[in-house]
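The next block holds one structure in the form of structure tokens; read it before the comments.
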Amino acid sequence: MPSHFSLAYFDPPPELNRHILTTFFFSTEQVEIEDRHPGGLGQVVLFPRGEGEADLPGGVQPVSPGAYMFCGFSAAMGFRMRGPWHSIGASLSPLGWAALTGQPANTHIDRLVPAREFLGHDIDVFGDSLIARYNTGTTSGEAACHELADWIGRRLGKIAPSHERLIETTICWLGSSLNPEMEDLFARLTYSRRQGERLIERYFGLPPAALARKFRAVRAAALLSQEDLGDEAEAEIAAAFYDQPHMIREIRRFCGYTPSRLGGPADPIFHTMIRLKNFDRLAQFRAIE
């Protein structure tokens, strides 16, 4: 990892691992940072230091110290930050998003909002306290991540068991292949095709076909960013797209870069972000089937 920034991941407590995919602590002392955030899942993020803006479909969103929620993106999000920039966050599974916010993901996709919009005044009280302790050095980044996970865990609501099974089945389907068959998904669901599509869009932010397309591109990019890509993985990527131009277009849309630039020395932050543990965790959900 380049020396001018650091990114560490921490596993959530076992009882929360279906709701929180990972917590993370990021820091850089760079003065100017410009990069892309790959289209991913929802996050709760505290920014103790740094300010800037994010490029969203609705316009430029200012970012300053405080608590925010990333609502998941349908395409890569560009951002510019003025450092030093530090962040403490938790990446949520679709189940975690629903249980924490009670909000349908599809009505909030492509948004970055103050966390109080979904979590009320409590998140500001908690976030301001944690940020103050972090900035004075009385709390470390790792300890802050564990506190954030505990705070989230105490506020999780209940989701209908049948909807939990649909979420888990969809995650298993996404993790089964770079290019999973649509009929395989609906054969596993206990809902009609129309009901299943509606519920998947509610919990994942996108309908099944668009969801599979996004995750194919992001996971392919994560594989291509590896220096030791094996022949089997290379063949799987090639088989998942119509041809090379198709692969380039899809990865550019969802990651903001062409495959030739993935992980390049000019974009070290993106190189690390594209290999988020979020996507590695997809394989673990297969055991739930």
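The way I read the labels, and the way they are meant: chains A, B, ... in the order of the structure tokens, residue 1 as the first residue of every chain, and ligand 1 as the first ligand shown, with later ones counted on from there.
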
Residues of region 149-172 of chain A that have any atom at most 12 Å from an atom of region 27-50 of chain A: could you tabulate them with the shortest-distance atom pair and the distance in Å to one decimal, using only C-alpha atoms, ordered by chain and increasing number, as a tab-separated table?
residue	atom	partner	partner_atom	distance
A:Ala149	CA	A:Val44	CA	9.8
A:Trp151	CA	A:Val44	CA	11.0
A:Ile152	CA	A:Val44	CA	9.0
A:Ile171	CA	A:Leu41	CA	12.0

For Pro12 (chain A), please output as a PDB file with N, CA and C atoms, in the first residue's frame all residues within 7 Å (counting only C-alpha atoms; exclusion window: fewer than 4 positions along the same chain).
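Okay, selection_17.pdb is ready:
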ATOM      1  N   LEU A  16     -23.156  -9.421  14.284  1.00  0.00           N
ATOM      2  CA  LEU A  16     -23.529  -8.351  13.351  1.00  0.00           C
ATOM      3  C   LEU A  16     -23.042  -8.613  11.925  1.00  0.00           C
ATOM      4  N   ASN A  17     -22.429  -9.780  11.678  1.00  0.00           N
ATOM      5  CA  ASN A  17     -21.785  -9.947  10.368  1.00  0.00           C
ATOM      6  C   ASN A  17     -22.752 -10.141   9.212  1.00  0.00           C
ATOM      7  N   ILE A  20     -23.381  -5.852   8.993  1.00  0.00           N
ATOM      8  CA  ILE A  20     -22.205  -5.022   8.708  1.00  0.00           C
ATOM      9  C   ILE A  20     -21.173  -5.890   8.001  1.00  0.00           C
ATOM     10  N   THR A  22     -18.101  -4.866   6.871  1.00  0.00           N
ATOM     11  CA  THR A  22     -16.797  -4.544   7.441  1.00  0.00           C
ATOM     12  C   THR A  22     -16.842  -3.127   7.974  1.00  0.00           C
ATOM     13  N   THR A  23     -15.981  -2.826   8.932  1.00  0.00           N
ATOM     14  CA  THR A  23     -15.732  -1.437   9.301  1.00  0.00           C
ATOM     15  C   THR A  23     -14.354  -1.068   8.769  1.00  0.00           C
ATOM     16  N   ALA A 149     -19.578   0.176  15.109  1.00  0.00           N
ATOM     17  CA  ALA A 149     -20.294  -1.092  14.911  1.00  0.00           C
ATOM     18  C   ALA A 149     -21.248  -1.361  16.068  1.00  0.00           C
TER      19      ALA A 149
END

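Between CA of Leu189 (chain A) and CA of Pro208 (chain A) lies a distance of 12.4 Å.
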
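Between Asp55 (chain A) and the residues A:Arg155, A:Gly256, A:Thr139, A:Ala235, the shortest atom-to-atom distance, using only C-alpha atoms, involves A:Gly256.
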
Item to check | DSSP helix (DSSP H, G or I) residues within region 87-158 of chain A, as a ChimeraX atom specification | outcome: /A:94-101,105-107,116-119,121-135,141-153

Item to check | Pairwise distance for CA of Met69 (chain A) and CA of Ser93 (chain A), rounded to one decimal in Å | outcome: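 Answer for the CA of Met69 (chain A) to CA of Ser93 (chain A) separation: 13.3 Å.
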
Next on the checklist: So that I can check the surroundings of Thr101 (chain A), please list as an NGL selection string every protein, DNA and RNA residue that reaches within 10 Å of it, counting only C-alpha atoms and ignoring chain neighbours fewer than 4 positions away.
Outcome noted: :A and (96-97 or 105 or 115 or 117-120 or 155-157)

Checklist entry - Can you tell me, as JSON, numbers by chain, what residues are no more than 12 Å from Tyr134 (chain A) when counting only C-alpha atoms, ignoring any on the same chain fewer than 4 positions away? => result {"A": [25, 46, 47, 48, 49, 86, 87, 88, 127, 128, 129, 130, 138, 139, 140, 141, 142, 143, 144, 145, 147]}

Write the residues of the preceding selection, restricted to all heavy atoms, as a short mmCIF file (atom, residue, chain, number, x, y, z; two decimals), in the first residue's frame.
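selection_23.cif written:
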data_model
loop_
_atom_site.label_atom_id
_atom_site.label_comp_id
_atom_site.auth_asym_id
_atom_site.auth_seq_id
_atom_site.Cartn_x
_atom_site.Cartn_y
_atom_site.Cartn_z
N PHE A 25 -11.07 2.15 8.53
CA PHE A 25 -10.45 3.40 8.94
C PHE A 25 -9.49 3.83 7.84
O PHE A 25 -8.58 3.09 7.47
CB PHE A 25 -9.70 3.22 10.26
CG PHE A 25 -8.84 4.40 10.62
CD1 PHE A 25 -9.40 5.65 10.85
CD2 PHE A 25 -7.47 4.26 10.73
CE1 PHE A 25 -8.61 6.74 11.17
CE2 PHE A 25 -6.67 5.35 11.04
CZ PHE A 25 -7.24 6.59 11.27
N LEU A 46 -18.12 8.51 9.25
CA LEU A 46 -17.79 9.70 10.02
C LEU A 46 -16.51 10.30 9.44
O LEU A 46 -15.53 9.59 9.22
CB LEU A 46 -17.56 9.36 11.49
CG LEU A 46 -18.66 8.60 12.23
CD1 LEU A 46 -18.25 8.33 13.67
CD2 LEU A 46 -19.98 9.35 12.19
N PHE A 47 -16.53 11.60 9.18
CA PHE A 47 -15.35 12.30 8.69
C PHE A 47 -14.82 13.21 9.81
O PHE A 47 -15.34 14.32 10.02
CB PHE A 47 -15.69 13.15 7.46
CG PHE A 47 -16.08 12.35 6.25
CD1 PHE A 47 -17.31 12.53 5.64
CD2 PHE A 47 -15.21 11.42 5.71
CE1 PHE A 47 -17.67 11.81 4.53
CE2 PHE A 47 -15.56 10.67 4.59
CZ PHE A 47 -16.79 10.87 4.00
N PRO A 48 -13.80 12.78 10.54
CA PRO A 48 -13.23 13.66 11.57
C PRO A 48 -12.45 14.84 10.98
O PRO A 48 -12.39 15.90 11.59
CB PRO A 48 -12.28 12.73 12.34
CG PRO A 48 -12.66 11.35 11.95
CD PRO A 48 -13.20 11.45 10.57
N ARG A 49 -11.85 14.62 9.79
CA ARG A 49 -11.03 15.67 9.19
C ARG A 49 -11.22 15.64 7.67
O ARG A 49 -11.46 14.59 7.09
CB ARG A 49 -9.55 15.45 9.51
CG ARG A 49 -9.24 15.36 10.99
CD ARG A 49 -7.80 14.98 11.27
NE ARG A 49 -7.64 14.60 12.67
CZ ARG A 49 -6.53 14.04 13.18
NH1 ARG A 49 -5.49 13.84 12.40
NH2 ARG A 49 -6.48 13.73 14.46
N HIS A 86 -9.53 12.08 6.99
CA HIS A 86 -9.66 10.84 7.75
C HIS A 86 -11.13 10.42 7.74
O HIS A 86 -12.02 11.27 7.76
CB HIS A 86 -9.20 11.02 9.19
CG HIS A 86 -7.74 11.32 9.34
ND1 HIS A 86 -7.07 11.17 10.53
CD2 HIS A 86 -6.80 11.76 8.45
CE1 HIS A 86 -5.80 11.50 10.38
NE2 HIS A 86 -5.61 11.88 9.12
N SER A 87 -11.37 9.12 7.73
CA SER A 87 -12.76 8.64 7.79
C SER A 87 -12.83 7.34 8.58
O SER A 87 -11.90 6.53 8.56
CB SER A 87 -13.35 8.46 6.39
OG SER A 87 -12.65 7.48 5.66
N ILE A 88 -13.95 7.18 9.26
CA ILE A 88 -14.26 6.00 10.07
C ILE A 88 -15.62 5.53 9.60
O ILE A 88 -16.59 6.30 9.61
CB ILE A 88 -14.32 6.37 11.57
CG1 ILE A 88 -12.96 6.89 12.05
CG2 ILE A 88 -14.81 5.19 12.40
CD1 ILE A 88 -13.05 7.78 13.25
N GLY A 127 -21.69 10.80 16.85
CA GLY A 127 -20.62 11.12 15.91
C GLY A 127 -19.76 12.27 16.38
O GLY A 127 -18.52 12.21 16.29
N ASP A 128 -20.37 13.34 16.90
CA ASP A 128 -19.60 14.48 17.37
C ASP A 128 -18.68 14.08 18.53
O ASP A 128 -17.53 14.52 18.62
CB ASP A 128 -20.53 15.61 17.81
CG ASP A 128 -21.23 16.28 16.65
OD1 ASP A 128 -20.84 16.03 15.50
OD2 ASP A 128 -22.19 17.05 16.89
N SER A 129 -19.20 13.24 19.43
CA SER A 129 -18.39 12.79 20.56
C SER A 129 -17.22 11.93 20.09
O SER A 129 -16.07 12.12 20.53
CB SER A 129 -19.26 12.00 21.54
OG SER A 129 -18.47 11.37 22.54
N LEU A 130 -17.50 11.00 19.20
CA LEU A 130 -16.45 10.11 18.72
C LEU A 130 -15.39 10.88 17.93
O LEU A 130 -14.19 10.66 18.09
CB LEU A 130 -17.06 9.00 17.86
CG LEU A 130 -16.12 7.87 17.42
CD1 LEU A 130 -15.51 7.18 18.64
CD2 LEU A 130 -16.86 6.87 16.56
N THR A 138 -7.62 10.55 22.08
CA THR A 138 -8.04 9.67 23.16
C THR A 138 -8.71 8.40 22.65
O THR A 138 -8.97 7.47 23.42
CB THR A 138 -8.99 10.40 24.12
OG1 THR A 138 -10.12 10.89 23.39
CG2 THR A 138 -8.28 11.56 24.80
N THR A 139 -9.03 8.36 21.35
CA THR A 139 -9.61 7.17 20.72
C THR A 139 -8.87 6.92 19.40
O THR A 139 -8.65 7.86 18.63
CB THR A 139 -11.11 7.36 20.43
OG1 THR A 139 -11.81 7.52 21.66
CG2 THR A 139 -11.69 6.16 19.69
N SER A 140 -8.50 5.69 19.16
CA SER A 140 -7.80 5.34 17.92
C SER A 140 -8.81 5.08 16.80
O SER A 140 -10.01 4.92 17.05
CB SER A 140 -6.95 4.09 18.12
OG SER A 140 -7.80 2.95 18.33
N GLY A 141 -8.32 5.03 15.56
CA GLY A 141 -9.20 4.71 14.44
C GLY A 141 -9.83 3.34 14.59
O GLY A 141 -11.02 3.15 14.32
N GLU A 142 -9.06 2.35 15.04
CA GLU A 142 -9.60 1.00 15.22
C GLU A 142 -10.66 0.98 16.30
O GLU A 142 -11.74 0.39 16.12
CB GLU A 142 -8.48 0.02 15.56
CG GLU A 142 -8.97 -1.40 15.78
CD GLU A 142 -7.86 -2.39 16.02
OE1 GLU A 142 -6.68 -1.98 15.98
OE2 GLU A 142 -8.17 -3.59 16.23
N ALA A 143 -10.38 1.62 17.44
CA ALA A 143 -11.37 1.64 18.52
C ALA A 143 -12.64 2.36 18.08
O ALA A 143 -13.76 1.96 18.43
CB ALA A 143 -10.78 2.33 19.76
N ALA A 144 -12.48 3.43 17.29
CA ALA A 144 -13.64 4.16 16.79
C ALA A 144 -14.50 3.28 15.89
O ALA A 144 -15.73 3.35 15.93
CB ALA A 144 -13.19 5.41 16.05
N CYS A 145 -13.86 2.45 15.07
CA CYS A 145 -14.62 1.52 14.21
C CYS A 145 -15.44 0.55 15.03
O CYS A 145 -16.60 0.27 14.71
CB CYS A 145 -13.64 0.76 13.30
SG CYS A 145 -12.97 1.74 11.94
N GLU A 147 -16.56 1.05 18.08
CA GLU A 147 -17.65 1.81 18.69
C GLU A 147 -18.78 2.05 17.70
O GLU A 147 -19.96 1.97 18.05
CB GLU A 147 -17.14 3.15 19.21
CG GLU A 147 -16.36 3.07 20.51
CD GLU A 147 -16.21 4.44 21.13
OE1 GLU A 147 -17.24 5.14 21.30
OE2 GLU A 147 -15.06 4.82 21.47
#

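Coordinates place CA of Pro65 (chain A) at a distance of 16.5 Å from CA of Gly137 (chain A).
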
Checklist entry - Of the candidates A:Ser64, A:Ala238, A:Asp11, A:Gly52, which shows the shortest atom-to-atom distance to Ser91 (chain A), using only C-alpha atoms? => result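 Nearest to Ser91 (chain A): A:Asp11.
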